[in-house]
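J.: My structure file start39.txt, compact mmCIF, C-alpha atoms, is below:
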# COMPACT_ATOMS: atom_id res chain seq x y z
CA MET N 1 0.00 0.00 0.00
CA ASN N 2 1.54 3.35 -1.01
CA ARG N 3 1.91 6.27 1.38
CA LEU N 4 -0.83 8.35 -0.25
CA THR N 5 -3.40 5.57 0.16
CA ALA N 6 -2.40 5.07 3.82
CA VAL N 7 -2.62 8.79 4.58
CA THR N 8 -6.00 9.05 2.85
CA LEU N 9 -7.40 6.06 4.75
CA LEU N 10 -6.12 7.44 8.05
CA ALA N 11 -7.71 10.78 7.29
CA LEU N 12 -11.06 9.09 6.57
CA LEU N 13 -10.82 7.06 9.77
CA ALA N 14 -9.95 10.13 11.81
CA ALA N 15 -12.82 12.05 10.29
CA GLY N 16 -15.14 9.13 11.04
CA LEU N 17 -13.96 9.12 14.63
CA ALA N 18 -14.62 12.84 14.93
CA CYS N 19 -18.14 12.42 13.58
CA SER N 20 -18.85 9.41 15.77
CA LYS N 21 -18.11 11.19 19.04
CA PRO N 22 -21.20 11.75 21.22
CA ALA N 23 -22.56 15.29 21.37
CA ALA N 24 -23.07 15.13 25.13
CA GLY N 25 -19.82 16.98 25.75
CA PRO N 26 -16.05 16.44 25.98
CA PRO N 27 -14.76 13.12 27.40
CA HIS N 28 -12.93 14.98 30.19
CA PRO N 29 -15.36 17.74 31.32
CA GLY N 30 -13.68 20.62 33.10
CA GLU N 31 -10.18 19.14 32.67
CA LYS N 32 -7.46 21.01 30.80
CA PRO N 33 -5.51 19.00 28.19
CA LEU N 34 -1.83 18.40 28.87
CA PHE N 35 -0.97 18.97 25.20
CA TYR N 36 -2.29 18.34 21.70
CA ARG N 37 -1.17 15.50 19.40
CA HIS N 38 -1.07 15.34 15.60
CA PRO N 39 -4.03 13.17 14.43
CA MET N 40 -1.84 10.89 12.28
CA GLN N 41 1.66 11.38 13.71
CA PRO N 42 1.43 10.72 17.47
CA ASP N 43 5.03 11.84 18.03
CA VAL N 44 4.21 15.38 16.79
CA THR N 45 2.69 17.49 19.59
CA SER N 46 1.73 21.08 20.30
CA PRO N 47 1.17 22.89 23.62
CA VAL N 48 -1.79 24.78 22.13
CA PRO N 49 -4.65 23.78 19.79
CA ALA N 50 -3.45 23.48 16.18
CA LYS N 51 -4.34 22.05 12.78
CA ASP N 52 -2.33 19.80 10.48
CA ASP N 53 -1.61 20.33 6.78
CA MET N 54 -5.00 18.81 5.88
CA GLY N 55 -6.92 21.11 8.21
CA MET N 56 -7.61 18.44 10.84
CA ASP N 57 -7.57 19.45 14.53
CA TYR N 58 -4.85 18.14 16.81
CA VAL N 59 -6.19 15.63 19.37
CA PRO N 60 -6.15 16.78 23.03
CA VAL N 61 -4.27 14.53 25.45
CA TYR N 62 -5.35 14.41 29.09
CA ALA N 63 -3.66 13.08 32.23
CA GLU N 64 -4.05 9.36 32.91
CA PRO N 65 -6.80 8.58 35.45
CA LYS N 66 -5.48 7.73 38.89
CA ALA N 67 -5.63 4.20 40.20
CA ASN N 68 -9.05 3.25 41.60
CA ALA N 69 -10.55 6.48 40.26
CA PRO N 70 -13.83 6.18 38.36
CA THR N 71 -13.30 6.09 34.60
CA GLY N 72 -16.77 7.04 33.56
CA GLY N 73 -17.42 3.65 31.99
CA PRO N 74 -18.87 0.43 33.31
CA ALA N 75 -16.68 -1.70 35.51
CA GLY N 76 -14.78 -4.41 33.67
CA ALA N 77 -15.26 -2.76 30.24
CA PRO N 78 -12.83 -4.01 27.61
CA PRO N 79 -9.98 -1.72 26.51
CA ALA N 80 -10.50 0.61 23.62
CA ALA N 81 -10.03 -1.03 20.24
CA ALA N 82 -9.93 0.09 16.65
CA PRO N 83 -13.41 0.77 15.26
CA ALA N 84 -15.06 -1.82 13.08
CA LEU N 85 -13.83 -1.79 9.49
CA SER N 86 -15.74 -3.02 6.49
CA GLU N 87 -14.34 -5.54 4.06
CA ALA N 88 -13.70 -2.72 1.60
CA SER N 89 -11.76 -0.76 4.24
CA LEU N 90 -9.72 -3.85 5.12
CA ALA N 91 -8.90 -4.42 1.47
CA LEU N 92 -8.02 -0.74 0.94
CA GLY N 93 -5.74 -0.77 3.96
CA GLY N 94 -4.05 -4.01 2.92
CA VAL N 95 -5.17 -5.75 6.13
CA THR N 96 -5.18 -9.55 5.97
CA ILE N 97 -6.39 -11.79 8.78
CA VAL N 98 -4.75 -15.13 9.56
CA PRO N 99 -5.14 -17.66 12.38
CA VAL N 100 -2.43 -18.36 14.94
CA ALA N 101 -0.96 -21.68 13.75
CA ARG N 102 0.95 -24.42 15.51
CA GLU N 103 3.95 -25.36 13.35
CA PHE N 104 7.31 -27.07 13.48
CA ILE N 105 10.00 -24.44 14.10
CA ALA N 106 13.62 -25.15 13.18
CA ARG N 107 15.93 -22.16 13.08
CA SER N 108 19.05 -22.34 10.93
CA VAL N 109 21.80 -20.04 9.71
CA ARG N 110 24.14 -20.18 6.71
CA LEU N 111 27.66 -18.88 7.23
CA PRO N 112 30.59 -18.34 4.85
CA GLY N 113 33.59 -20.36 6.00
CA VAL N 114 37.16 -21.35 5.11
CA VAL N 115 38.78 -24.79 5.21
CA VAL N 116 41.80 -24.88 7.55
CA ALA N 117 44.17 -27.64 8.62
CA ASP N 118 43.92 -29.11 12.12
CA GLU N 119 46.84 -27.74 14.14
CA ALA N 120 46.95 -30.91 16.23
CA ARG N 121 47.66 -32.93 13.07
CA ARG N 122 50.73 -30.93 12.03
CA VAL N 123 54.29 -32.11 12.78
CA GLU N 124 57.59 -30.33 12.22
CA VAL N 125 60.70 -32.38 11.42
CA VAL N 126 63.61 -30.68 13.24
CA VAL N 127 67.29 -31.77 13.40
CA ARG N 128 69.05 -31.90 16.76
CA PHE N 129 72.57 -31.41 15.41
CA GLY N 130 74.25 -29.46 12.64
CA GLY N 131 75.38 -30.89 9.33
CA TRP N 132 74.94 -30.94 5.57
CA LEU N 133 72.00 -32.28 3.56
CA GLU N 134 73.60 -34.74 1.13
CA ALA N 135 70.34 -36.20 -0.26
CA LEU N 136 66.77 -34.94 -0.41
CA PRO N 137 64.33 -37.58 -1.71
CA VAL N 138 61.35 -35.35 -0.78
CA ALA N 139 62.05 -31.91 -2.21
CA ARG N 140 58.61 -30.36 -2.91
CA THR N 141 55.66 -29.13 -0.88
CA GLY N 142 52.42 -30.98 -1.45
CA GLU N 143 54.10 -34.41 -1.67
CA ARG N 144 52.39 -37.32 0.08
CA VAL N 145 54.65 -39.02 2.61
CA TYR N 146 54.19 -41.99 4.94
CA ARG N 147 55.35 -42.76 8.43
CA GLY N 148 58.95 -44.09 8.39
CA GLN N 149 59.67 -42.84 4.86
CA THR N 150 63.13 -41.28 4.33
CA LEU N 151 62.79 -37.55 3.75
CA ALA N 152 66.48 -36.55 3.67
CA ARG N 153 70.00 -37.80 4.49
CA LEU N 154 72.21 -35.65 6.71
CA PHE N 155 76.00 -35.81 7.13
CA SER N 156 77.23 -34.57 10.51
CA PRO N 157 80.80 -34.89 11.88
CA GLU N 158 79.31 -34.57 15.36
CA LEU N 159 77.07 -37.55 14.78
CA VAL N 160 79.86 -39.70 13.28
CA ALA N 161 82.07 -38.87 16.28
CA GLY N 162 79.28 -39.92 18.64
CA GLU N 163 78.83 -43.24 16.83
CA GLU N 164 82.58 -43.96 16.95
CA GLU N 165 82.62 -43.10 20.65
CA TYR N 166 79.82 -45.55 21.29
CA LEU N 167 81.58 -48.36 19.37
CA ARG N 168 84.82 -47.80 21.34
CA ALA N 169 82.86 -47.75 24.61
CA ARG N 170 81.25 -51.09 23.72
CA GLU N 171 84.64 -52.62 22.99
CA THR N 172 86.00 -51.33 26.28
CA ALA N 173 82.99 -52.61 28.19
CA GLY N 174 83.52 -56.04 26.55
CA ARG N 175 87.15 -56.20 27.71
CA PHE N 176 86.27 -55.02 31.22
CA ALA N 177 83.54 -57.63 31.53
CA GLY N 178 86.15 -60.32 32.26
CA SER N 179 87.79 -58.36 35.09
CA ALA N 180 87.74 -59.74 38.64
CA ILE N 181 87.14 -56.24 39.99
CA PRO N 182 83.40 -55.44 40.10
CA GLU N 183 83.99 -51.70 39.88
CA VAL N 184 85.85 -52.08 36.60
CA VAL N 185 83.07 -54.21 35.13
CA SER N 186 80.34 -51.74 36.14
CA GLY N 187 82.42 -48.77 35.00
CA GLY N 188 82.79 -50.20 31.49
CA ALA N 189 79.08 -50.95 31.25
CA GLU N 190 78.16 -47.46 32.45
CA LEU N 191 80.51 -45.87 29.91
CA ALA N 192 78.87 -47.80 27.05
CA ALA N 193 75.37 -46.97 28.32
CA ALA N 194 76.20 -43.24 28.49
CA ALA N 195 77.53 -43.26 24.91
CA ARG N 196 74.43 -45.05 23.69
CA ARG N 197 72.16 -42.60 25.50
CA ARG N 198 73.95 -39.69 23.81
CA LEU N 199 73.16 -41.14 20.37
CA SER N 200 69.53 -41.51 21.38
CA LEU N 201 69.41 -37.88 22.51
CA LEU N 202 70.83 -36.79 19.15
CA GLY N 203 67.77 -38.32 17.51
CA LEU N 204 68.97 -41.71 16.32
CA SER N 205 66.23 -44.32 16.35
CA GLU N 206 66.55 -47.61 18.21
CA GLU N 207 66.63 -49.37 14.86
CA THR N 208 69.63 -47.31 13.70
CA ILE N 209 71.53 -47.83 16.95
CA ALA N 210 70.86 -51.57 16.80
CA ARG N 211 72.19 -51.65 13.24
CA ILE N 212 75.40 -49.87 14.34
CA GLU N 213 75.81 -52.42 17.15
CA ARG N 214 75.25 -55.31 14.76
CA THR N 215 77.65 -54.12 12.04
CA GLY N 216 80.24 -52.58 14.34
CA ARG N 217 80.62 -49.63 11.92
CA SER N 218 79.56 -46.01 12.15
CA GLU N 219 77.22 -44.62 9.49
CA ARG N 220 78.37 -41.55 7.61
CA THR N 221 74.90 -40.10 7.05
CA LEU N 222 71.70 -40.23 9.05
CA ALA N 223 68.32 -40.83 7.43
CA ILE N 224 65.71 -38.23 8.43
CA VAL N 225 62.40 -40.12 8.41
CA ALA N 226 58.76 -38.98 8.52
CA PRO N 227 57.31 -39.29 12.03
CA THR N 228 53.77 -39.47 10.66
CA SER N 229 51.85 -39.84 7.41
CA GLY N 230 50.48 -36.81 5.62
CA TRP N 231 51.36 -34.10 3.13
CA VAL N 232 54.39 -31.80 3.12
CA THR N 233 52.90 -28.35 3.70
CA ARG N 234 56.16 -26.50 4.39
CA LEU N 235 59.73 -27.14 3.24
CA GLY N 236 62.84 -25.72 4.85
CA ALA N 237 65.41 -28.01 3.27
CA VAL N 238 67.63 -27.55 0.20
CA ARG N 239 69.95 -30.27 -1.00
CA GLY N 240 73.62 -29.55 -0.15
CA ALA N 241 72.73 -26.80 2.32
CA ARG N 242 74.29 -26.47 5.76
CA VAL N 243 71.72 -26.79 8.55
CA GLU N 244 72.10 -25.89 12.19
CA ALA N 245 70.75 -27.70 15.22
CA GLY N 246 67.07 -26.85 15.70
CA ALA N 247 66.40 -26.06 12.01
CA MET N 248 62.97 -27.00 10.67
CA LEU N 249 63.35 -29.18 7.56
CA PHE N 250 59.74 -30.28 6.90
CA GLU N 251 56.22 -29.59 8.11
CA ILE N 252 53.89 -32.56 7.61
CA SER N 253 50.12 -32.13 7.91
CA ASP N 254 47.62 -34.95 8.21
CA LEU N 255 44.66 -33.72 6.13
CA SER N 256 42.46 -36.79 6.60
CA SER N 257 40.42 -34.59 8.96
CA VAL N 258 40.13 -30.80 8.61
CA PHE N 259 38.30 -27.86 10.14
CA VAL N 260 35.95 -25.35 8.58
CA GLU N 261 35.98 -22.05 10.45
CA ALA N 262 33.12 -19.56 10.12
CA SER N 263 32.02 -16.36 11.87
CA LEU N 264 28.79 -16.83 13.83
CA PRO N 265 26.83 -13.61 14.57
CA GLU N 266 26.42 -12.84 18.25
CA GLY N 267 22.63 -12.98 17.92
CA ASP N 268 22.81 -16.58 16.64
CA ALA N 269 25.25 -17.78 19.30
CA ALA N 270 22.64 -20.23 20.63
CA LEU N 271 22.99 -22.26 17.43
CA GLY N 272 26.68 -22.91 18.12
CA VAL N 273 26.48 -26.01 20.32
CA VAL N 274 29.53 -28.28 20.57
CA GLY N 275 28.68 -31.69 19.12
CA ARG N 276 25.80 -30.41 16.98
CA THR N 277 25.68 -31.59 13.35
CA ALA N 278 26.56 -29.08 10.63
CA THR N 279 26.26 -29.26 6.84
CA LEU N 280 28.95 -28.09 4.44
CA ASN N 281 28.62 -26.96 0.84
CA LEU N 282 31.74 -26.24 -1.20
CA ALA N 283 31.98 -23.47 -3.75
CA ALA N 284 34.23 -25.82 -5.76
CA ALA N 285 31.58 -28.58 -5.81
CA PRO N 286 28.06 -27.08 -6.07
CA GLY N 287 25.31 -29.47 -5.06
CA ALA N 288 27.61 -31.78 -3.09
CA SER N 289 27.34 -31.56 0.68
CA ARG N 290 28.80 -33.41 3.65
CA SER N 291 28.09 -33.54 7.36
CA GLY N 292 30.38 -32.69 10.24
CA ARG N 293 30.07 -31.72 13.87
CA VAL N 294 30.83 -28.58 15.82
CA ALA N 295 34.18 -29.19 17.53
CA ALA N 296 34.64 -25.86 19.31
CA ILE N 297 33.38 -22.32 19.74
CA LEU N 298 36.45 -20.12 20.22
CA PRO N 299 36.13 -18.16 23.48
CA LEU N 300 36.89 -14.68 22.11
CA LEU N 301 34.32 -12.41 20.42
CA ASP N 302 35.43 -10.29 17.46
CA PRO N 303 34.67 -6.77 18.78
CA THR N 304 34.53 -5.28 15.27
CA ASN N 305 32.07 -7.67 13.62
CA ARG N 306 30.44 -8.92 16.86
CA THR N 307 30.93 -12.53 15.80
CA LEU N 308 32.18 -15.77 17.33
CA THR N 309 34.44 -18.20 15.47
CA VAL N 310 32.84 -21.63 15.17
CA ARG N 311 35.05 -24.58 14.24
CA VAL N 312 33.48 -27.65 12.60
CA VAL N 313 35.41 -30.87 11.94
CA PHE N 314 34.91 -32.86 8.72
CA GLY N 315 36.36 -36.14 7.50
CA ASN N 316 38.57 -35.66 4.44
CA SER N 317 39.84 -39.06 3.35
CA ASP N 318 39.26 -38.12 -0.30
CA LEU N 319 41.19 -34.84 0.12
CA ALA N 320 38.28 -32.90 -1.41
CA LEU N 321 38.58 -30.28 1.34
CA LYS N 322 41.81 -28.38 0.77
CA PRO N 323 42.99 -25.73 3.25
CA GLY N 324 42.07 -22.28 2.00
CA MET N 325 38.92 -23.35 0.12
CA SER N 326 35.74 -21.28 0.50
CA ALA N 327 32.70 -23.06 1.86
CA VAL N 328 29.20 -22.40 3.16
CA LEU N 329 28.39 -23.81 6.58
CA GLU N 330 24.82 -24.41 7.74
CA LEU N 331 23.97 -24.73 11.43
CA ALA N 332 20.45 -25.73 12.49
CA GLU N 333 18.77 -26.39 15.81
CA PRO N 334 16.80 -29.64 16.30
CA GLY N 335 13.43 -27.85 16.09
CA ARG N 336 10.21 -27.92 18.09
CA MET N 337 6.46 -27.31 17.79
CA GLY N 338 5.20 -23.83 18.59
CA LEU N 339 2.66 -21.11 17.82
CA THR N 340 3.53 -18.81 14.92
CA ILE N 341 2.15 -15.81 13.06
CA PRO N 342 3.61 -13.85 10.11
CA ASP N 343 6.34 -11.35 10.96
CA SER N 344 4.21 -8.62 9.41
CA GLY N 345 1.62 -9.12 12.16
CA LEU N 346 3.98 -7.81 14.84
CA LEU N 347 4.32 -4.19 15.86
CA PRO N 348 7.40 -3.40 17.98
CA THR N 349 6.90 -0.30 20.13
CA GLY N 350 10.27 -0.24 21.85
CA GLU N 351 9.30 -1.55 25.27
CA ARG N 352 6.97 -4.27 24.04
CA THR N 353 5.69 -6.03 20.93
CA LEU N 354 2.02 -5.99 19.94
CA ALA N 355 -0.23 -8.08 17.73
CA PHE N 356 -3.74 -7.01 16.72
CA VAL N 357 -6.31 -9.69 17.57
CA GLU N 358 -9.68 -9.77 15.86
CA ILE N 359 -12.27 -9.61 18.66
CA SER N 360 -15.23 -9.38 16.26
CA PRO N 361 -15.58 -9.17 12.48
CA GLY N 362 -13.49 -6.21 11.33
CA LYS N 363 -12.67 -5.10 14.88
CA PHE N 364 -9.23 -5.50 16.47
CA ALA N 365 -7.66 -5.11 19.90
CA PRO N 366 -3.91 -4.76 20.60
CA ARG N 367 -2.35 -7.63 22.54
CA GLU N 368 1.16 -7.71 23.99
CA VAL N 369 3.09 -10.82 22.96
CA VAL N 370 6.47 -12.39 23.69
CA VAL N 371 8.34 -13.33 20.52
CA GLY N 372 10.82 -16.20 20.17
CA ALA N 373 12.61 -17.37 17.03
CA ARG N 374 11.90 -15.91 13.60
CA VAL N 375 12.09 -18.39 10.73
CA GLY N 376 11.10 -17.96 7.09
CA GLY N 377 9.01 -14.83 7.56
CA ARG N 378 7.14 -16.23 10.57
CA ALA N 379 7.60 -15.44 14.25
CA GLU N 380 7.30 -17.83 17.18
CA ILE N 381 4.87 -16.60 19.86
CA LEU N 382 5.94 -17.69 23.34
CA SER N 383 3.01 -16.08 25.14
CA GLY N 384 0.12 -13.67 24.52
CA LEU N 385 -1.85 -15.59 21.87
CA ARG N 386 -3.80 -18.84 21.66
CA GLU N 387 -3.94 -21.30 18.80
CA ASN N 388 -6.54 -20.44 16.12
CA GLU N 389 -7.02 -16.86 17.33
CA ARG N 390 -7.18 -14.53 14.34
CA VAL N 391 -4.69 -11.69 14.01
CA ALA N 392 -4.03 -8.93 11.49
CA ALA N 393 -1.07 -10.02 9.38
CA GLN N 394 -0.61 -6.82 7.36
CA ALA N 395 -0.90 -3.07 7.88
CA ALA N 396 -0.32 -3.30 11.62
CA PHE N 397 0.99 0.27 11.52
CA LEU N 398 -2.42 1.41 10.22
CA LEU N 399 -4.27 -0.26 13.09
CA ASP N 400 -1.71 1.14 15.51
CA ALA N 401 -2.24 4.71 14.27
CA GLU N 402 -5.99 4.30 14.40
CA SER N 403 -5.84 2.81 17.90
CA ARG N 404 -3.75 5.74 19.05
CA LEU N 405 -6.43 8.08 17.76
CA ARG N 406 -8.91 6.20 19.94
CA GLY N 407 -6.57 6.23 22.95
CA ALA N 408 -6.18 2.47 22.91
CA LEU N 409 -2.42 2.39 23.44
CA PRO N 410 -1.44 5.01 26.05
CA ALA N 411 -1.27 2.28 28.69
CA ALA N 412 -0.47 -1.41 28.62
CA PRO N 413 -3.31 -3.56 27.29
CA THR N 414 -5.52 -5.22 29.83
CA THR N 415 -6.88 -7.91 27.55
CA PRO N 416 -6.19 -11.43 28.78
CA GLU N 417 -2.72 -12.67 27.84
CA PRO N 418 -2.87 -16.45 27.89
CA LYS N 419 0.34 -18.28 28.50
CA GLU N 420 1.02 -21.11 26.08
CA PRO N 421 2.33 -24.21 27.92
CA ARG N 422 5.89 -25.00 26.81
Just give me the structure of the file as structure tokens.

T.:
Amino acid sequence: MNRLTAVTLLALLAAGLACSKPAAGPPHPGEKPLFYRHPMQPDVTSPVPAKDDMGMDYVPVYAEPKANAPTGGPAGAPPAAAPALSEASLALGGVTIVPVAREFIARSVRLPGVVVADEARRVEVVVRFGGWLEALPVARTGERVYRGQTLARLFSPELVAGEEEYLRARETAGRFAGSAIPEVVSGGAELAAAARRRLSLLGLSEETIARIERTGRSERTLAIVAPTSGWVTRLGAVRGARVEAGAMLFEISDLSSVFVEASLPEGDAALGVVGRTATLNLAAAPGASRSGRVAAILPLLDPTNRTLTVRVVFGNSDLALKPGMSAVLELAEPGRMGLTIPDSGLLPTGERTLAFVEISPGKFAPREVVVGARVGGRAEILSGLRENERVAAQAAFLLDAESRLRGALPAAPTTPEPKEPR
């Protein structure tokens, strides 16, 4: 309905109200108005009588009656309501009437997200001694490697010296083993054990140390092997380069399980429940979706965007989810049955929310309601309405303006507000 039609209809209604007032006298005899209000814009007031642009008189506003004071009407009278409207007036004003329905409510939200690797599945391969990289079988990022696979071969004089020291200590311990002096025997054994422990601390595996013991020869180079299976996501090694102790040669990431991180608006934080199922749709594969579960809600709120970071874990055995990919994440609550009306039937007034209930054909009364979730253009009503009651689903602002002309909304409604059992 355009603005001109709404203004015209309001003018006709206001004029009808003026003509329908009884001629017995003013509603507040002998009382001075507090101020005067614009007939169609309640927020516009004047301290003295005035007229609007259409020549209509401003409406006088009087003080509220005191508690327990006589109101001039019969006890228990219903609150003021909008006057009865004909079918033509309802059609002209765009007012539609719908029943309060009981429906299944399942709120959901779609969030843009990014695929990221699981930090707990990343491993760095670091050397514990300096040396030179003489061979580099794995020399590119993105290569698939397996646990125990040789990644590089490192020559280190320090390591060779440690192996030779261990072999000499073993020989000495063997000669001392035949001594009649117990201290000599234990001293030789302790010397060999200390040399072996040093090799272990340098990073030699038990298999390598056992091979040195078996052959009785030191090994010139040490094989750097993969501690886990995965993909090389970072490379810090170059063949022939000198490396120092503590240098990172490889980063290996296990991508068989990945995260999708998305920003969840603060208002939808209730949907972020750890363990709840989430659905993923990839921009790279439209129409294909997969299910995961919410693994964590990060504890810090982004103060700029007012969002929380939700982290959802997905299986990735086929490697379809690659870190850095864009995705759309859908979170949904399990759902429940509840009373609903169209969103357009609600009128927020700041302190409360109203719905206009049809109390007789073409006649409406404002009712305060408590609103829950809003899904698909419909609003959940937690209290204030009963199932199958009929409410105005359109043009609530028109009924509100008309009710204000009648004085229906200065105070909170007193119509019964049934509480729907939860």

J.: Using only C-alpha atoms, can you tell me which of N:Ala327, N:Val371, N:Ala379, N:Leu249 comes closest to Val115 (chain N)?

T.: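 Of all the options, N:Ala327 lies closest to Val115 (chain N).
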
J.: At what distance in Å, to one decimal, does CA of Leu133 (chain N) lie from CA of Val243 (chain N)?

T.: 7.4 Å

J.: Taking all atoms listed in the file into account, which of N:Val370, N:Leu354, N:Leu282, N:Ala270 comes nearest Pro334 (chain N)?

T.: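 Checking each of N:Val370, N:Leu354, N:Leu282, N:Ala270 against Pro334 (chain N), counting all atoms listed in the file, the winner is N:Ala270.
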
J.: Would you please work out which residue, of N:Leu159, N:Ala393, N:Ile181, N:Val294, is nearest to Leu204 (chain N) when using only C-alpha atoms?

T.: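 So, comparing all the options, the nearest one is N:Leu159.
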
J.: Between CA of Val95 (chain N) and CA of Arg390 (chain N), what distance in Å does the model show, to one decimal?

T.: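 Result for CA of Val95 (chain N) versus CA of Arg390 (chain N): 12.2 Å, one decimal.
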
J.: Any idea what's packed within 12 Å of region 161-169 of chain N, counting all atoms listed in the file, ignoring anything in its chain fewer than 4 positions away? Could you give it as JSON, numbers by chain?

T.: {"N": [129, 155, 156, 157, 173, 174, 175, 176, 187, 188, 189, 190, 191, 192, 193, 194, 195, 196, 197, 198, 199, 200, 201, 202, 203, 204, 208, 209, 210, 211, 212, 213, 214, 215, 216, 217, 218, 219, 220, 221, 222]}

J.: What does the distance between CA of Val109 (chain N) and CA of Asn388 (chain N) come to in Å, to one decimal place?

T.: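 CA of Val109 (chain N) sits 29.1 Å away from CA of Asn388 (chain N).
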
J.: List as an MDAnalysis selection string the protein and nucleic acid residues near Val273 (chain N), meaning an atom at most 10 Å away when only C-alpha atoms are counted, but skip any in the same chain fewer than 5 places from it.

T.: chainID N and resid 293:297 310 331:333

J.: Please, could you write that set of residues out with C-alpha atoms as a PDB file, in the frame of the given file?

T.:
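Below is the file selection_7.pdb, written as the result:
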ATOM      1  CA  ARG N 293      30.070 -31.720  13.870  1.00  0.00           C
ATOM      2  CA  VAL N 294      30.830 -28.580  15.820  1.00  0.00           C
ATOM      3  CA  ALA N 295      34.180 -29.190  17.530  1.00  0.00           C
ATOM      4  CA  ALA N 296      34.640 -25.860  19.310  1.00  0.00           C
ATOM      5  CA  ILE N 297      33.380 -22.320  19.740  1.00  0.00           C
ATOM      6  CA  VAL N 310      32.840 -21.630  15.170  1.00  0.00           C
ATOM      7  CA  LEU N 331      23.970 -24.730  11.430  1.00  0.00           C
ATOM      8  CA  ALA N 332      20.450 -25.730  12.490  1.00  0.00           C
ATOM      9  CA  GLU N 333      18.770 -26.390  15.810  1.00  0.00           C
TER      10      GLU N 333
END

J.: So, with only C-alpha atoms as the atoms that count, which of N:Ala120, N:Val369, N:Ala269, N:Ala237 lies closest to Thr141 (chain N)?

T.: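 Of N:Ala120, N:Val369, N:Ala269, N:Ala237, the one nearest Thr141 (chain N) is N:Ala237, counting only C-alpha atoms.
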
J.: Would you mind telling me which residue in N:Ala245, N:Met54, N:Ala373, N:Val184 lies nearest to Ala106 (chain N) when using all atoms listed in the file?

T.: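 Comparing N:Ala245, N:Met54, N:Ala373, N:Val184 against Ala106 (chain N), the winner is N:Ala373.
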
J.: Between N:Glu351, N:Gly345, N:Arg386, N:Leu136, which is the closest to Pro366 (chain N) once you count only C-alpha atoms?

T.: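 The answer is N:Gly345, which sits nearest to Pro366 (chain N).
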
J.: List as a PyMOL selection string the protein and nucleic acid residues near Gly230 (chain N), meaning an atom at most 6 Å away when only C-alpha atoms are counted, but skip any in the same chain fewer than 6 places from it.

T.: chain N and resi 144-145+252-254

J.: Excluding same-chain residues fewer than 6 positions from Phe35 (chain N), what lies within 6 Å of it counting all atoms listed in the file, as number ranges by chain?

T.: N: 46-47, 61

J.: Please tell me which residues are no farther than 9 Å from (-0.6, -11.9, 21.9) in the file, counting all atoms listed in the file, and write them as an MDAnalysis selection string.

T.: chainID N and resid 353:357 366:370 381:386 391 416:418
